[in-house]
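Only one structure is covered here, and it is reproduced in the block below.
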Amino acid sequence: MSRFTGGRKFLSLPTLFASFFGAAMIASAFAYFNYKFSKYNFIDFESNVFYTKNDIFTPTENEYVVIIFSSNMQDFKTLEKYYNGRKILAIDLYQRRFKSSEKIIYVSSGMNTLLKFIQRFNIYELPSVFLIDKVKDSNYKQDNAVKIL
């Protein structure tokens with residue numbers, strides 16, 4: 001007896017629901033990961049100018065630990081303990097310009113740039129930390145959620 005002429009139907013109702021359920025699962029997984037990816041933000045150091053003690057900051061590393069702090073509020077001399085092999089990019093909201101070291105690059109900027117930076121990365125408390133990775137040239141992408149230290 002042929003598969004198409006009698007007996008069991010070729011396309012049964014459970015098979016139809018299973019394929020629909022599988023497609024829905026794939027679509028929802030894609031939407032979830034697309035949403036998670038879009039939660040993290042980008043920063044372009046060409047259009048957002050930060051200053052070190054003596055010069056304009058130009059990123060040279062592929063990845064940084066970004067610490068946002070206020071030298072008026074916190075003991076900024078303890079930031080080096082967060083060094084984990086990635087250079088620390090320490091952004092001082094009090095706008096002091098300290099001398100950088102081998103592990104820490106202290107930067108600051110104008111108030112408009114700092115406000116845009118804080119808003120873009122949704123920073124609500126200080127000190128905060130997150131990772132950034134190089135995407136292309138001077139464009140970096142946030143690598144994890146912002147954490148409060």
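Naming scheme: A, B, ... for chains in displayed order of the structure tokens; residues 1 onward per chain; ligands 1 onward as shown.
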
(Q) Considering only strand (DSSP E or B) as DSSP defines it on the backbone, what residues of chain A qualify? List them as a VMD selection string. (A) chain A and resid 42 to 44 51 56 63 to 69 87 to 92 104 to 108 128 to 136 139 to 142 147 to 148

Write a file of the selected residues as a short mmCIF file (atom, residue, chain, number, x, y, z; two decimals), in the first residue's frame, keeping N, CA, C and O atoms.
data_model
loop_
_atom_site.label_atom_id
_atom_site.label_comp_id
_atom_site.auth_asym_id
_atom_site.auth_seq_id
_atom_site.Cartn_x
_atom_site.Cartn_y
_atom_site.Cartn_z
N PHE A 42 27.46 51.33 22.05
CA PHE A 42 28.72 51.60 21.37
C PHE A 42 29.24 52.97 21.79
O PHE A 42 28.46 53.84 22.16
N ILE A 43 30.54 53.13 21.70
CA ILE A 43 31.15 54.45 21.88
C ILE A 43 32.23 54.61 20.83
O ILE A 43 33.00 53.70 20.57
N ASP A 44 32.21 55.77 20.20
CA ASP A 44 33.21 56.10 19.19
C ASP A 44 34.11 57.19 19.77
O ASP A 44 33.64 58.29 20.04
N TYR A 51 40.17 63.41 27.42
CA TYR A 51 41.50 63.96 27.59
C TYR A 51 42.24 63.25 28.71
O TYR A 51 41.67 62.98 29.76
N ILE A 56 45.01 64.31 24.08
CA ILE A 56 43.71 63.73 23.76
C ILE A 56 43.86 62.21 23.79
O ILE A 56 44.83 61.66 23.26
N GLU A 63 40.70 46.03 24.17
CA GLU A 63 39.68 45.94 25.21
C GLU A 63 40.11 46.75 26.43
O GLU A 63 41.30 46.87 26.71
N TYR A 64 39.11 47.29 27.12
CA TYR A 64 39.36 48.09 28.31
C TYR A 64 38.33 47.75 29.38
O TYR A 64 37.21 47.36 29.08
N VAL A 65 38.73 47.93 30.63
CA VAL A 65 37.80 47.96 31.75
C VAL A 65 37.51 49.44 31.97
O VAL A 65 38.42 50.22 32.22
N VAL A 66 36.25 49.84 31.85
CA VAL A 66 35.87 51.24 32.03
C VAL A 66 35.33 51.41 33.44
O VAL A 66 34.39 50.72 33.83
N ILE A 67 35.95 52.31 34.20
CA ILE A 67 35.48 52.64 35.54
C ILE A 67 35.09 54.11 35.54
O ILE A 67 35.90 54.97 35.22
N ILE A 68 33.85 54.38 35.90
CA ILE A 68 33.37 55.75 36.00
C ILE A 68 33.32 56.07 37.48
O ILE A 68 32.68 55.36 38.26
N PHE A 69 34.01 57.13 37.89
CA PHE A 69 34.10 57.47 39.29
C PHE A 69 34.18 58.99 39.43
O PHE A 69 34.31 59.70 38.44
N LYS A 87 43.63 46.90 30.37
CA LYS A 87 43.90 48.25 30.86
C LYS A 87 42.61 48.88 31.37
O LYS A 87 41.54 48.66 30.83
N ILE A 88 42.76 49.69 32.41
CA ILE A 88 41.62 50.38 33.00
C ILE A 88 41.53 51.77 32.39
O ILE A 88 42.49 52.52 32.37
N LEU A 89 40.35 52.10 31.90
CA LEU A 89 40.06 53.44 31.42
C LEU A 89 39.20 54.09 32.51
O LEU A 89 38.02 53.79 32.64
N ALA A 90 39.82 54.94 33.32
CA ALA A 90 39.16 55.54 34.47
C ALA A 90 38.65 56.93 34.09
O ALA A 90 39.43 57.84 33.83
N ILE A 91 37.33 57.06 34.04
CA ILE A 91 36.70 58.33 33.64
C ILE A 91 36.28 59.07 34.91
O ILE A 91 35.41 58.60 35.64
N ASP A 92 36.91 60.20 35.13
CA ASP A 92 36.66 61.00 36.33
C ASP A 92 35.59 62.06 36.03
O ASP A 92 35.80 62.95 35.22
N ILE A 104 46.47 51.94 34.39
CA ILE A 104 45.30 52.82 34.42
C ILE A 104 45.54 54.05 33.56
O ILE A 104 46.57 54.69 33.65
N ILE A 105 44.55 54.35 32.71
CA ILE A 105 44.55 55.59 31.94
C ILE A 105 43.44 56.46 32.50
O ILE A 105 42.26 56.12 32.41
N TYR A 106 43.81 57.56 33.14
CA TYR A 106 42.84 58.50 33.69
C TYR A 106 42.42 59.48 32.60
O TYR A 106 43.27 60.10 31.97
N VAL A 107 41.12 59.58 32.38
CA VAL A 107 40.61 60.51 31.37
C VAL A 107 39.46 61.32 31.95
O VAL A 107 38.84 60.94 32.94
N SER A 108 39.20 62.42 31.29
CA SER A 108 38.07 63.27 31.60
C SER A 108 37.62 63.90 30.30
O SER A 108 38.24 63.70 29.25
N SER A 128 31.05 52.93 38.94
CA SER A 128 30.48 51.87 38.11
C SER A 128 31.56 51.33 37.19
O SER A 128 32.53 52.02 36.88
N VAL A 129 31.36 50.11 36.73
CA VAL A 129 32.36 49.47 35.88
C VAL A 129 31.68 48.63 34.82
O VAL A 129 30.60 48.07 35.03
N PHE A 130 32.29 48.57 33.63
CA PHE A 130 31.88 47.66 32.56
C PHE A 130 33.06 47.48 31.61
O PHE A 130 34.06 48.18 31.70
N LEU A 131 32.94 46.54 30.71
CA LEU A 131 34.00 46.22 29.75
C LEU A 131 33.62 46.74 28.37
O LEU A 131 32.44 46.73 28.02
N ILE A 132 34.61 47.15 27.61
CA ILE A 132 34.38 47.50 26.20
C ILE A 132 35.40 46.75 25.34
O ILE A 132 36.53 46.52 25.76
N ASP A 133 34.97 46.36 24.16
CA ASP A 133 35.82 45.67 23.19
C ASP A 133 35.83 46.44 21.88
O ASP A 133 34.80 46.99 21.48
N LYS A 134 36.97 46.43 21.22
CA LYS A 134 37.11 47.13 19.95
C LYS A 134 36.30 46.43 18.87
O LYS A 134 36.35 45.22 18.72
N VAL A 135 35.56 47.24 18.12
CA VAL A 135 34.80 46.73 16.99
C VAL A 135 35.52 47.07 15.70
O VAL A 135 35.80 46.20 14.89
N LYS A 136 35.83 48.36 15.55
CA LYS A 136 36.50 48.82 14.34
C LYS A 136 37.11 50.18 14.64
O LYS A 136 36.45 51.06 15.18
N ASN A 139 35.92 52.64 17.34
CA ASN A 139 34.57 52.29 17.76
C ASN A 139 34.64 51.07 18.69
O ASN A 139 35.18 50.04 18.31
N TYR A 140 34.06 51.19 19.88
CA TYR A 140 34.07 50.13 20.88
C TYR A 140 32.65 49.79 21.29
O TYR A 140 31.77 50.64 21.27
N LYS A 141 32.44 48.51 21.67
CA LYS A 141 31.12 48.04 22.08
C LYS A 141 31.19 47.55 23.52
O LYS A 141 32.15 46.91 23.92
N GLN A 142 30.16 47.89 24.27
CA GLN A 142 30.03 47.43 25.64
C GLN A 142 29.96 45.91 25.64
O GLN A 142 29.24 45.30 24.85
N LYS A 147 28.09 47.44 36.27
CA LYS A 147 28.04 46.98 37.65
C LYS A 147 28.49 48.10 38.56
O LYS A 147 29.36 48.89 38.21
N ILE A 148 27.91 48.16 39.73
CA ILE A 148 28.30 49.16 40.73
C ILE A 148 29.38 48.55 41.60
O ILE A 148 29.24 47.43 42.09
#

Q | DSSP alpha helix (DSSP H) residues within chain A, listed as an MDAnalysis selection string | A | chainID A and resid 13:39 111:120

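Of note, CA of Glu46 in chain A and CA of Asn122 in chain A are spaced 20.9 Å apart.
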
Q | Distance query Leu93 in chain A at most 12 Å, only C-alpha atoms, self and fewer than 5 positions along chain excluded, as a list in words | A | Phe50, Ile67, Ile68, Phe69, Ser70, Ser71, Asn72, Met73, Gln74, Phe76, Tyr106, Val107, Ser108, Ser109, Gly110, Met111, Asn112, Thr113, Leu114, Leu115, Phe117, Ile118, Ile123, Glu125, Leu126, Pro127 and Ser128 of chain A

Please, could you write that set of residues out with N, CA, C and O atoms as a short mmCIF file (atom, residue, chain, number, x, y, z; two decimals), in the first residue's frame?
data_model
loop_
_atom_site.label_atom_id
_atom_site.label_comp_id
_atom_site.auth_asym_id
_atom_site.auth_seq_id
_atom_site.Cartn_x
_atom_site.Cartn_y
_atom_site.Cartn_z
N PHE A 50 37.93 62.48 24.80
CA PHE A 50 38.36 62.40 26.19
C PHE A 50 39.81 62.85 26.26
O PHE A 50 40.57 62.67 25.32
N ILE A 67 35.95 52.31 34.20
CA ILE A 67 35.48 52.64 35.54
C ILE A 67 35.09 54.11 35.54
O ILE A 67 35.90 54.97 35.22
N ILE A 68 33.85 54.38 35.90
CA ILE A 68 33.37 55.75 36.00
C ILE A 68 33.32 56.07 37.48
O ILE A 68 32.68 55.36 38.26
N PHE A 69 34.01 57.13 37.89
CA PHE A 69 34.10 57.47 39.29
C PHE A 69 34.18 58.99 39.43
O PHE A 69 34.31 59.70 38.44
N SER A 70 34.12 59.46 40.65
CA SER A 70 34.34 60.87 40.94
C SER A 70 35.47 60.96 41.94
O SER A 70 35.37 60.42 43.05
N SER A 71 36.54 61.63 41.58
CA SER A 71 37.69 61.74 42.48
C SER A 71 37.35 62.60 43.69
O SER A 71 38.08 62.60 44.67
N ASN A 72 36.25 63.29 43.65
CA ASN A 72 35.79 64.07 44.79
C ASN A 72 35.10 63.18 45.83
O ASN A 72 35.07 63.52 47.00
N MET A 73 34.58 62.03 45.41
CA MET A 73 33.81 61.15 46.30
C MET A 73 34.58 59.91 46.74
O MET A 73 34.49 59.50 47.87
N GLN A 74 35.30 59.26 45.81
CA GLN A 74 35.92 57.98 46.10
C GLN A 74 37.44 58.12 46.21
O GLN A 74 38.03 59.07 45.71
N PHE A 76 40.30 57.24 44.64
CA PHE A 76 40.64 56.78 43.29
C PHE A 76 41.97 56.04 43.24
O PHE A 76 42.29 55.42 42.25
N TYR A 106 43.81 57.56 33.14
CA TYR A 106 42.84 58.50 33.69
C TYR A 106 42.42 59.48 32.60
O TYR A 106 43.27 60.10 31.97
N VAL A 107 41.12 59.58 32.38
CA VAL A 107 40.61 60.51 31.37
C VAL A 107 39.46 61.32 31.95
O VAL A 107 38.84 60.94 32.94
N SER A 108 39.20 62.42 31.29
CA SER A 108 38.07 63.27 31.60
C SER A 108 37.62 63.90 30.30
O SER A 108 38.24 63.70 29.25
N SER A 109 36.56 64.69 30.37
CA SER A 109 36.06 65.33 29.18
C SER A 109 35.20 66.51 29.57
O SER A 109 35.01 66.78 30.76
N GLY A 110 34.67 67.20 28.58
CA GLY A 110 33.74 68.28 28.85
C GLY A 110 32.43 67.74 29.40
O GLY A 110 32.11 66.56 29.24
N MET A 111 31.69 68.58 30.06
CA MET A 111 30.45 68.15 30.71
C MET A 111 29.44 67.58 29.71
O MET A 111 28.77 66.59 30.01
N ASN A 112 29.32 68.14 28.54
CA ASN A 112 28.37 67.62 27.55
C ASN A 112 28.72 66.20 27.14
O ASN A 112 27.84 65.34 27.01
N THR A 113 29.99 65.94 26.91
CA THR A 113 30.42 64.58 26.55
C THR A 113 30.19 63.61 27.70
O THR A 113 29.72 62.49 27.49
N LEU A 114 30.50 64.03 28.93
CA LEU A 114 30.29 63.17 30.08
C LEU A 114 28.80 62.86 30.29
O LEU A 114 28.44 61.72 30.59
N LEU A 115 27.95 63.83 30.11
CA LEU A 115 26.51 63.59 30.26
C LEU A 115 25.98 62.62 29.21
O LEU A 115 25.18 61.73 29.51
N PHE A 117 27.74 60.34 27.72
CA PHE A 117 28.33 59.04 28.06
C PHE A 117 27.54 58.37 29.18
O PHE A 117 27.19 57.19 29.09
N ILE A 118 27.22 59.11 30.23
CA ILE A 118 26.46 58.57 31.36
C ILE A 118 25.07 58.14 30.91
O ILE A 118 24.59 57.07 31.30
N ILE A 123 24.22 54.94 33.56
CA ILE A 123 24.96 54.92 34.82
C ILE A 123 24.19 55.75 35.83
O ILE A 123 23.91 56.92 35.60
N GLU A 125 24.84 55.17 39.53
CA GLU A 125 25.61 55.27 40.77
C GLU A 125 27.08 55.20 40.46
O GLU A 125 27.50 54.61 39.46
N LEU A 126 27.87 55.80 41.35
CA LEU A 126 29.32 55.79 41.21
C LEU A 126 29.94 55.06 42.39
O LEU A 126 29.40 55.12 43.48
N PRO A 127 31.04 54.41 42.21
CA PRO A 127 31.70 54.08 40.96
C PRO A 127 31.02 52.92 40.25
O PRO A 127 30.49 52.02 40.88
N SER A 128 31.05 52.93 38.94
CA SER A 128 30.48 51.87 38.11
C SER A 128 31.56 51.33 37.19
O SER A 128 32.53 52.02 36.88
#

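Pairwise distance (CA of Ala145 in chain A, CA of Ala24 in chain A) equals 28.1 Å.
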